[in-house]
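**Q** Input work01.tsv, format and content: TSV, C-alpha atoms.
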chain	number	residue	atom	x	y	z
U	29	MET	CA	23.25	3.57	3.38
U	30	ALA	CA	22.84	4.14	-0.36
U	31	SER	CA	25.64	4.09	-2.91
U	32	PHE	CA	25.43	6.73	-5.65
U	33	PRO	CA	26.31	6.51	-9.36
U	34	PRO	CA	29.70	7.99	-10.40
U	35	ARG	CA	28.10	11.14	-11.84
U	36	VAL	CA	26.78	12.16	-8.41
U	37	ASN	CA	29.21	14.25	-6.39
U	38	GLU	CA	28.71	13.03	-2.82
U	39	LYS	CA	30.83	15.91	-1.49
U	40	GLU	CA	28.20	18.33	-2.76
U	41	ILE	CA	25.57	16.42	-0.81
U	42	VAL	CA	27.71	16.53	2.32
U	43	ARG	CA	27.95	20.31	2.01
U	44	SER	CA	24.15	20.67	2.14
U	45	ARG	CA	23.10	22.56	5.24
U	46	THR	CA	20.05	23.70	7.11
U	47	ILE	CA	19.10	27.22	6.07
U	48	GLY	CA	16.39	27.75	8.66
U	49	GLU	CA	13.91	26.29	11.08
U	50	LEU	CA	10.29	27.33	11.50
U	51	LEU	CA	9.11	26.81	15.03
U	52	ALA	CA	5.46	26.34	15.91
U	53	PRO	CA	4.12	28.74	18.57
U	54	ALA	CA	2.38	27.70	21.75
U	55	ALA	CA	-1.12	26.25	21.42
U	56	PRO	CA	-3.37	29.07	20.17
U	57	PHE	CA	-6.54	27.13	21.03
U	58	ASP	CA	-6.83	25.63	24.48
U	59	LYS	CA	-7.75	21.94	24.28
U	60	LYS	CA	-8.46	22.16	20.54
U	61	CYS	CA	-6.83	19.23	18.73
U	62	GLY	CA	-3.16	18.48	19.20
U	63	ARG	CA	0.35	19.23	18.03
U	64	GLU	CA	0.01	17.23	14.82
U	65	ASN	CA	2.19	18.38	11.92
U	66	TRP	CA	0.88	16.34	9.04
U	67	THR	CA	2.05	18.10	5.92
U	68	VAL	CA	3.83	20.98	4.18
U	69	ALA	CA	3.63	22.39	0.64
U	70	PHE	CA	5.24	24.95	-1.66
U	71	ALA	CA	3.23	27.02	-4.13
U	72	PRO	CA	3.87	26.02	-7.79
U	73	ASP	CA	5.76	29.27	-8.41
U	74	GLY	CA	7.69	29.04	-5.14
U	75	SER	CA	6.17	32.25	-3.79
U	76	TYR	CA	4.56	30.78	-0.68
U	77	PHE	CA	5.15	27.97	1.78
U	78	ALA	CA	2.37	26.37	3.84
U	79	TRP	CA	2.58	24.02	6.79
U	80	SER	CA	0.12	22.62	9.29
U	81	GLN	CA	1.33	23.54	12.75
U	82	GLY	CA	-1.02	21.38	14.77
U	83	HIS	CA	-3.83	22.82	16.85
U	84	ARG	CA	-5.93	22.94	13.62
U	85	THR	CA	-3.84	25.81	12.21
U	86	VAL	CA	-1.98	26.34	8.94
U	87	LYS	CA	0.76	28.90	8.45
U	88	LEU	CA	1.12	30.68	5.10
U	89	VAL	CA	4.58	32.18	4.68
U	90	PRO	CA	5.84	34.41	1.80
U	91	TRP	CA	8.86	32.27	1.01
U	92	SER	CA	11.30	34.83	-0.37
U	93	GLN	CA	10.84	37.03	2.67
U	94	CYS	CA	11.17	34.00	4.92
U	95	LEU	CA	14.57	33.24	3.39
U	96	LYS	CA	15.65	36.84	3.92
U	97	ASN	CA	14.52	36.59	7.51
U	98	PHE	CA	16.71	33.51	8.00
U	99	LEU	CA	19.72	35.44	6.70
U	100	LEU	CA	19.02	38.40	8.97
U	101	HIS	CA	18.08	36.61	12.17
U	102	GLY	CA	19.70	33.19	11.95
U	103	THR	CA	18.27	29.76	11.28
U	104	LYS	CA	15.40	29.79	13.76
U	105	ASN	CA	12.23	31.67	12.99
U	106	ILE	CA	9.26	31.77	15.34
U	107	THR	CA	6.37	31.79	12.91
U	108	ASN	CA	4.02	34.06	14.84
U	109	SER	CA	5.92	37.05	13.51
U	110	SER	CA	3.79	39.50	11.53
U	111	SER	CA	6.64	41.43	10.01
U	112	LEU	CA	6.94	39.55	6.71
U	113	ARG	CA	5.45	41.19	3.63
U	114	LEU	CA	5.22	40.60	-0.11
U	115	SER	CA	4.16	43.15	-2.68
U	116	ARG	CA	1.36	41.57	-4.67
U	117	GLN	CA	-1.90	42.63	-6.26
U	118	ASN	CA	-4.84	41.29	-4.30
U	119	SER	CA	-7.24	38.73	-5.74
U	120	ASP	CA	-10.15	41.11	-6.07
U	121	GLY	CA	-8.22	43.13	-8.64
U	122	GLY	CA	-8.18	46.23	-6.46
U	123	GLN	CA	-5.32	48.42	-5.45
U	124	LYS	CA	-2.01	46.90	-4.65
U	125	ASN	CA	-1.40	45.94	-1.06
U	126	LYS	CA	1.20	43.94	0.80
U	127	PRO	CA	-0.19	40.51	1.72
U	128	ARG	CA	1.57	39.16	4.76
U	129	GLU	CA	1.97	35.73	6.24
U	130	HIS	CA	-1.24	34.33	7.66
U	131	ILE	CA	-2.24	31.96	10.43
U	132	ILE	CA	-5.37	30.13	9.29
U	133	ASP	CA	-7.74	28.45	11.72
U	134	CYS	CA	-9.13	25.50	9.76
U	135	GLY	CA	-11.45	24.32	12.53
U	136	ASP	CA	-10.11	20.76	12.71
U	137	ILE	CA	-6.93	18.70	12.34
U	138	VAL	CA	-5.34	19.32	8.93
U	139	TRP	CA	-4.29	16.17	7.08
U	140	SER	CA	-3.52	17.52	3.63
U	141	LEU	CA	-2.50	20.71	1.82
U	142	ALA	CA	-2.37	21.67	-1.85
U	143	PHE	CA	-1.75	24.90	-3.73
U	144	GLY	CA	-3.78	25.59	-6.85
U	145	SER	CA	-2.96	28.23	-9.42
U	146	SER	CA	-4.90	29.59	-12.38
U	147	VAL	CA	-1.54	29.92	-14.14
U	148	PRO	CA	-0.79	26.60	-15.90
U	149	GLU	CA	2.40	24.82	-14.83
U	150	LYS	CA	2.49	23.37	-18.33
U	151	GLN	CA	-0.01	24.43	-20.99
U	152	SER	CA	-1.39	21.14	-22.25
U	153	ARG	CA	-5.09	21.47	-22.90
U	154	CYS	CA	-7.46	24.30	-23.75
U	155	VAL	CA	-8.60	25.79	-20.44
U	156	ASN	CA	-11.52	28.21	-20.44
U	157	ILE	CA	-11.83	29.80	-17.00
U	158	GLU	CA	-15.20	31.49	-16.51
U	159	TRP	CA	-15.56	32.63	-12.93
U	160	HIS	CA	-18.93	32.59	-11.25
U	161	ARG	CA	-19.03	33.46	-7.58
U	162	PHE	CA	-15.63	35.09	-7.28
U	163	ARG	CA	-13.82	37.49	-9.56
U	164	PHE	CA	-10.51	35.76	-9.42
U	165	GLY	CA	-7.57	37.22	-11.27
U	166	GLN	CA	-5.62	35.39	-13.90
U	167	ASP	CA	-2.80	34.85	-11.39
U	168	GLN	CA	-5.02	33.49	-8.64
U	169	LEU	CA	-3.31	31.35	-6.00
U	170	LEU	CA	-5.42	29.17	-3.71
U	171	LEU	CA	-4.70	26.85	-0.80
U	172	ALA	CA	-6.84	23.77	-0.20
U	173	THR	CA	-6.85	22.15	3.24
U	174	GLY	CA	-8.19	18.64	3.85
U	175	LEU	CA	-9.54	18.11	7.34
U	176	ASN	CA	-10.14	15.35	9.84
U	177	ASN	CA	-13.93	15.86	9.61
U	178	GLY	CA	-14.03	15.27	5.85
U	179	ARG	CA	-14.32	18.92	4.88
U	180	ILE	CA	-12.14	20.76	2.39
U	181	LYS	CA	-11.60	24.47	2.85
U	182	ILE	CA	-10.33	26.74	0.08
U	183	TRP	CA	-8.39	29.86	1.04
U	184	ASP	CA	-7.12	32.93	-0.81
U	185	VAL	CA	-3.36	32.77	-0.27
U	186	TYR	CA	-2.84	36.52	-0.61
U	187	THR	CA	-5.51	37.55	1.90
U	188	GLY	CA	-5.93	34.48	4.09
U	189	LYS	CA	-9.71	34.62	3.57
U	190	LEU	CA	-11.92	31.54	3.39
U	191	LEU	CA	-13.49	31.28	-0.07
U	192	LEU	CA	-15.17	27.88	-0.22
U	193	ASN	CA	-16.17	25.12	2.20
U	194	LEU	CA	-16.51	21.82	0.33
U	195	VAL	CA	-18.64	19.33	2.21
U	196	ASP	CA	-19.20	15.83	0.85
U	197	HIS	CA	-16.58	13.42	2.19
U	198	THR	CA	-17.62	11.47	5.27
U	199	GLU	CA	-14.13	10.62	6.55
U	200	VAL	CA	-10.63	12.12	6.79
U	201	VAL	CA	-9.34	13.82	3.62
U	202	ARG	CA	-5.91	12.22	3.29
U	203	ASP	CA	-4.65	13.94	0.14
U	204	LEU	CA	-5.39	16.77	-2.29
U	205	THR	CA	-4.05	17.54	-5.75
U	206	PHE	CA	-4.78	20.27	-8.29
U	207	ALA	CA	-4.66	19.75	-12.05
U	208	PRO	CA	-1.44	21.36	-13.33
U	209	ASP	CA	-3.18	22.94	-16.35
U	210	GLY	CA	-4.52	25.98	-14.47
U	211	SER	CA	-8.14	24.83	-14.63
U	212	LEU	CA	-8.38	24.76	-10.80
U	213	ILE	CA	-9.81	21.25	-10.89
U	214	LEU	CA	-9.19	19.71	-7.46
U	215	VAL	CA	-9.16	16.00	-6.60
U	216	SER	CA	-9.47	14.81	-3.01
U	217	ALA	CA	-8.67	11.36	-1.60
U	218	SER	CA	-10.41	10.18	1.55
U	219	ARG	CA	-10.76	7.40	4.05
U	220	ASP	CA	-14.36	7.07	2.86
U	221	LYS	CA	-12.91	5.00	-0.05
U	222	THR	CA	-13.62	7.62	-2.71
U	223	LEU	CA	-11.93	10.29	-4.78
U	224	ARG	CA	-13.96	13.41	-5.53
U	225	VAL	CA	-13.42	15.88	-8.35
U	226	TRP	CA	-14.21	19.53	-7.63
U	227	ASP	CA	-14.47	22.42	-10.08
U	228	LEU	CA	-13.37	25.52	-8.17
U	229	LYS	CA	-14.09	27.78	-11.12
U	230	ASP	CA	-17.75	26.71	-10.79
U	231	ASP	CA	-18.19	27.71	-7.13
U	232	GLY	CA	-16.58	24.46	-5.94
U	233	ASN	CA	-19.13	22.23	-7.64
U	234	MET	CA	-18.40	18.52	-7.15
U	235	MET	CA	-18.19	17.14	-10.68
U	236	LYS	CA	-17.60	13.45	-10.10
U	237	VAL	CA	-17.08	10.72	-7.52
U	238	LEU	CA	-14.45	8.16	-8.51
U	239	ARG	CA	-15.22	4.77	-6.96
U	240	GLY	CA	-13.14	1.63	-7.14
U	241	HIS	CA	-11.06	1.53	-3.97
U	242	GLN	CA	-12.28	-1.03	-1.46
U	243	ASN	CA	-10.54	0.66	1.47
U	244	TRP	CA	-8.96	3.98	2.51
U	245	VAL	CA	-7.46	6.12	-0.25
U	246	TYR	CA	-4.09	7.51	0.83
U	247	SER	CA	-2.72	9.53	-2.07
U	248	CYS	CA	-3.43	10.82	-5.57
U	249	ALA	CA	-1.44	12.59	-8.28
U	250	PHE	CA	-2.15	14.16	-11.67
U	251	SER	CA	-0.04	13.48	-14.72
U	252	PRO	CA	1.72	16.63	-15.99
U	253	ASP	CA	-0.79	17.08	-18.84
U	254	SER	CA	-3.73	16.65	-16.41
U	255	SER	CA	-5.22	13.86	-18.53
U	256	MET	CA	-4.50	11.03	-16.09
U	257	LEU	CA	-4.83	10.57	-12.33
U	258	CYS	CA	-3.12	7.96	-10.17
U	259	SER	CA	-4.57	6.95	-6.81
U	260	VAL	CA	-3.31	4.52	-4.18
U	261	GLY	CA	-4.60	3.31	-0.85
U	262	ALA	CA	-4.98	0.51	1.66
U	263	SER	CA	-4.60	-2.23	-0.95
U	264	LYS	CA	-1.88	-3.64	-3.19
U	265	ALA	CA	-3.29	-2.06	-6.36
U	266	VAL	CA	-2.42	1.18	-8.15
U	267	PHE	CA	-5.40	2.84	-9.86
U	268	LEU	CA	-5.15	4.90	-13.05
U	269	TRP	CA	-8.04	7.15	-14.14
U	270	ASP	CA	-8.90	8.93	-17.39
U	271	MET	CA	-9.64	12.50	-16.27
U	272	ASP	CA	-11.41	13.45	-19.50
U	273	LYS	CA	-13.97	10.66	-19.17
U	274	TYR	CA	-13.66	10.13	-15.38
U	275	THR	CA	-13.31	6.40	-15.85
U	276	MET	CA	-10.79	3.88	-14.57
U	277	ILE	CA	-8.15	3.00	-17.15
U	278	GLN	CA	-6.52	0.09	-15.34
U	279	LYS	CA	-5.30	-1.30	-12.04
U	280	LEU	CA	-1.59	-2.00	-11.76
U	281	GLU	CA	-0.66	-5.06	-9.73
U	282	GLY	CA	2.74	-5.90	-8.25
U	283	HIS	CA	3.07	-4.55	-4.72
U	284	HIS	CA	2.73	-6.89	-1.74
U	285	HIS	CA	1.33	-4.42	0.82
U	286	ASP	CA	-0.62	-1.17	1.01
U	287	VAL	CA	0.49	1.44	-1.55
U	288	VAL	CA	0.70	4.82	0.16
U	289	ALA	CA	2.27	7.34	-2.23
U	290	CYS	CA	2.55	8.04	-5.95
U	291	ASP	CA	4.13	10.60	-8.27
U	292	PHE	CA	4.47	11.12	-12.03
U	293	SER	CA	7.74	12.11	-13.65
U	294	PRO	CA	7.77	15.66	-15.07
U	295	ASP	CA	7.30	14.37	-18.64
U	296	GLY	CA	4.55	11.92	-17.64
U	297	ALA	CA	6.45	8.94	-19.04
U	298	LEU	CA	7.04	7.31	-15.65
U	299	LEU	CA	5.04	6.69	-12.48
U	300	ALA	CA	6.61	6.02	-9.08
U	301	THR	CA	4.72	4.25	-6.28
U	302	ALA	CA	5.77	3.58	-2.69
U	303	SER	CA	4.46	0.76	-0.55
U	304	TYR	CA	4.66	-0.68	2.94
U	305	ASP	CA	6.25	-3.73	1.24
U	306	THR	CA	9.65	-1.90	1.49
U	307	ARG	CA	9.70	-1.17	-2.26
U	308	VAL	CA	9.42	1.69	-4.73
U	309	TYR	CA	8.29	0.69	-8.22
U	310	ILE	CA	8.79	2.72	-11.40
U	311	TRP	CA	6.01	1.97	-13.89
U	312	ASP	CA	5.22	2.78	-17.47
U	313	PRO	CA	1.73	4.18	-16.80
U	314	HIS	CA	0.67	3.56	-20.42
U	315	THR	CA	1.57	-0.14	-20.63
U	316	GLY	CA	1.38	-1.01	-16.93
U	317	ASP	CA	4.86	-2.55	-16.95
U	318	ILE	CA	7.22	-2.32	-13.96
U	319	LEU	CA	10.43	-0.80	-15.31
U	320	MET	CA	12.51	-0.50	-12.15
U	321	GLU	CA	12.38	-1.60	-8.52
U	322	PHE	CA	14.12	0.04	-5.56
U	323	GLY	CA	14.08	-1.39	-2.05
U	324	HIS	CA	14.69	-0.24	1.50
U	325	LEU	CA	15.59	-3.77	2.58
U	326	PHE	CA	18.30	-6.00	1.18
U	327	PRO	CA	17.97	-8.75	0.23
U	328	PRO	CA	14.37	-8.10	-0.91
U	329	PRO	CA	11.91	-9.70	1.51
U	330	THR	CA	9.62	-12.54	0.52
U	331	PRO	CA	6.02	-11.56	-0.27
U	332	ILE	CA	4.84	-12.91	3.09
U	333	PHE	CA	7.37	-10.83	5.05
U	334	ALA	CA	6.87	-7.79	2.80
U	335	GLY	CA	3.14	-7.94	3.45
U	336	GLY	CA	3.54	-7.70	7.21
U	337	ALA	CA	5.26	-5.54	9.84
U	338	ASN	CA	8.70	-5.50	8.22
U	339	ASP	CA	9.98	-2.27	9.90
U	340	ARG	CA	10.78	-0.74	6.48
U	341	TRP	CA	7.43	0.72	5.43
U	342	VAL	CA	8.03	3.25	2.64
U	343	ARG	CA	6.00	6.37	3.40
U	344	SER	CA	6.65	8.78	0.55
U	345	VAL	CA	8.11	9.06	-2.95
U	346	SER	CA	8.82	11.99	-5.25
U	347	PHE	CA	10.49	12.70	-8.58
U	348	SER	CA	12.95	15.56	-8.85
U	349	HIS	CA	11.98	18.44	-11.14
U	350	ASP	CA	14.34	17.23	-13.87
U	351	GLY	CA	13.02	13.67	-13.65
U	352	LEU	CA	16.49	12.20	-13.12
U	353	HIS	CA	16.11	11.27	-9.48
U	354	VAL	CA	13.58	9.60	-7.23
U	355	ALA	CA	13.59	10.13	-3.47
U	356	SER	CA	11.78	7.91	-1.00
U	357	LEU	CA	11.43	7.86	2.76
U	358	ALA	CA	10.84	4.82	4.95
U	359	ASP	CA	10.64	3.75	8.57
U	360	ASP	CA	14.32	2.82	8.52
U	361	LYS	CA	14.80	6.55	9.24
U	362	ALA	CA	17.09	7.11	6.26
U	363	PRO	CA	16.17	9.09	3.14
U	364	PHE	CA	16.88	6.79	0.21
U	365	PRO	CA	17.60	8.68	-3.02
U	366	SER	CA	17.71	6.50	-6.10
U	367	MET	CA	19.33	7.78	-9.27
U	368	THR	CA	18.02	6.99	-12.74
U	369	ALA	CA	19.44	7.61	-16.22
U	370	THR	CA	18.18	10.47	-18.37
U	371	ASP	CA	16.50	8.05	-20.78
U	372	GLY	CA	14.70	6.28	-17.93
U	373	HIS	CA	16.18	2.87	-18.80
U	374	ASP	CA	18.90	2.55	-16.15
U	375	THR	CA	17.92	-0.49	-14.12
U	376	SER	CA	20.86	-0.41	-11.73
U	377	ALA	CA	19.41	0.06	-8.27
U	378	PRO	CA	21.35	1.60	-5.37
U	379	THR	CA	22.62	-0.94	-2.89
U	380	ARG	CA	22.54	-1.12	0.88
U	381	VAL	CA	25.56	-1.96	2.99
Would you write out, as structure tokens, the structure that this file holds?

**A**
Amino acid sequence: MASFPPRVNEKEIVRSRTIGELLAPAAPFDKKCGRENWTVAFAPDGSYFAWSQGHRTVKLVPWSQCLKNFLLHGTKNITNSSSLRLSRQNSDGGQKNKPREHIIDCGDIVWSLAFGSSVPEKQSRCVNIEWHRFRFGQDQLLLATGLNNGRIKIWDVYTGKLLLNLVDHTEVVRDLTFAPDGSLILVSASRDKTLRVWDLKDDGNMMKVLRGHQNWVYSCAFSPDSSMLCSVGASKAVFLWDMDKYTMIQKLEGHHHDVVACDFSPDGALLATASYDTRVYIWDPHTGDILMEFGHLFPPPTPIFAGGANDRWVRSVSFSHDGLHVASLADDKAPFPSMTATDGHDTSAPTRV
């Protein structure tokens, strides 16, 4: 298990508890796909929660009402309830209604989810939103779903209606990410070895294909100012892209196995990557230097062992909202939170015992 720095109160962690459990209903489509549950996502403003339930369906839940429901009815919540409501103006700018939770039939297995908002998470660049096909409001909230057949479907979160069907990938869409600047630029990562850039404000027009990966692309992430994109896949390299020019900036080398997840710190100064080589690296994305290394196996394995079936494949990595912590998850079945200093220069890694 991990040892925490002195400033972390482990008793507070012990007191953490489950607040609720969403249970998938019985198969709504006979013999249509399986019980896969690939991904979940929160809206940027925390208003909605989405999760793929298997059987090609996605559930959209108004989160505040879901929490109230947990308090009223206990921790378990069968998600085919239609009683939850949120008061919100609809996306067509009409009269106010009460959008409820939605079950969305995506038509195929859902591999990836991403919320996109026309409200910038952090205003960083001049964004001129001129709508074409749809009269979206200034507080538009969309859900993108990446499917097994290579399609990407865009949904109105408040109504559950299908808005766009993006067809260009030829293989599974493994990951989706929206630019945080409110421009509704969407990037998709696919097993067809490409990343594609879509402009949802221009009727979902595909703006660019980013090529460079020689194998499957697993994950992608925007920097907080939307100027840079990181992508990783079935190789040892980490790709950085200039999203103003749509060109590759550099490839970062250092991992010994496939790199499967990436995330920028909230200030954009750091980049975390997770690999099947049992390691999480913290990079300076501007210089390409490795600043910190965290491992799920101690002592660190040799490159030959790290590059094989080492039983400690790291699957996911994420920065906390304050940028002080990094959490990773691996096949050792233990979440492995690693704590960093506020200035980003603490190189003391947690230890395993």

**Q** Which is closest to Pro313 of chain U among U:Val266, U:Val342, U:Ile132, U:Leu95, if we use all atoms listed in the file?

**A**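 Of all the options, U:Val266 lies closest to Pro313 of chain U.
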
**Q** Kindly indicate which residue among U:Ser356, U:Thr275, U:Thr85, U:Thr315 lies nearest to Ala302 of chain U, using all atoms listed in the file for the distances.

**A**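 Closest to Ala302 of chain U of all the choices is U:Ser356.
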
**Q** Please measure the separation of atom CA of Trp311 of chain U and atom CA of Pro331 of chain U, giving the value in Å to one decimal.

**A**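 Atom-to-atom, atom CA of Trp311 of chain U and atom CA of Pro331 of chain U are spaced 19.2 Å apart.
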
**Q** Go ahead and compute the interatomic distance for atom CA of Tyr76 of chain U and atom CA of Asp359 of chain U, in Å to one decimal.

**A**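 Calculated distance between atom CA of Tyr76 of chain U and atom CA of Asp359 of chain U is 29.2 Å.
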
**Q** Applying 7 Å and all atoms listed in the file, which residues near segment 180-190 of chain U remain after dropping the ones on its own chain fewer than 3 positions away? List them as JSON, numbers by chain.

**A** {"U": [118, 127, 130, 132, 169, 170, 171, 172, 173, 174, 175, 193, 194, 195]}

**Q** For the atom pair atom CA of Ile332 of chain U and atom CA of Trp244 of chain U, what is the interatomic distance in Å to one decimal place?

**A** 21.8 Å

**Q** Do you know which residues are at most 7 Å from Pro252 of chain U counting all atoms listed in the file, after dropping those on the same chain fewer than 5 positions away, and could you put them as a ChimeraX atom specification?

**A** /U:208,294-296

**Q** May I have the residues from that selection written out with C-alpha atoms, as a compact mmCIF listing (two decimals), in the coordinates of the input?

**A**
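After the write, result.txt holds the following:
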# COMPACT_ATOMS: atom_id res chain seq x y z
CA PRO U 208 -1.44 21.36 -13.33
CA PRO U 294 7.77 15.66 -15.07
CA ASP U 295 7.30 14.37 -18.64
CA GLY U 296 4.55 11.92 -17.64

**Q** As a list in words, please: the residues near segment 211-217 of chain U (cut-off 8 Å, all atoms listed in the file, same-chain neighbours under 4 positions excluded).

**A** Gly144, Ser145, Ser146, Pro148, Val155, Asn156, Ile157, Gly174, Val201, Arg202, Asp203, Leu204, Thr205, Phe206, Ala207, Lys221, Thr222, Leu223, Arg224, Val225, Trp226, Asp227, Leu228, Lys229, Val245, Tyr246, Ser247, Cys248 and Ser259 of chain U

**Q** When you look at Pro328 of chain U with a cut-off of 12 Å (counting only C-alpha atoms), what residues show up, excluding the ones that are within fewer than 4 positions of it in the same chain? I need them as a PyMOL selection string.

**A** chain U and resi 284+305-308+321-324+332-334+338+340+379-380

**Q** For segment 254-272 of chain U, I'd like the enclosing box, axis-aligned and padded by 5 Å on every side, reported as JSON with centre and edge lengths in Å to one decimal.

**A**
{"center_x": -6.6, "center_y": 6.5, "center_z": -8.9, "size_x": 19.5, "size_y": 30.3, "size_z": 31.2}
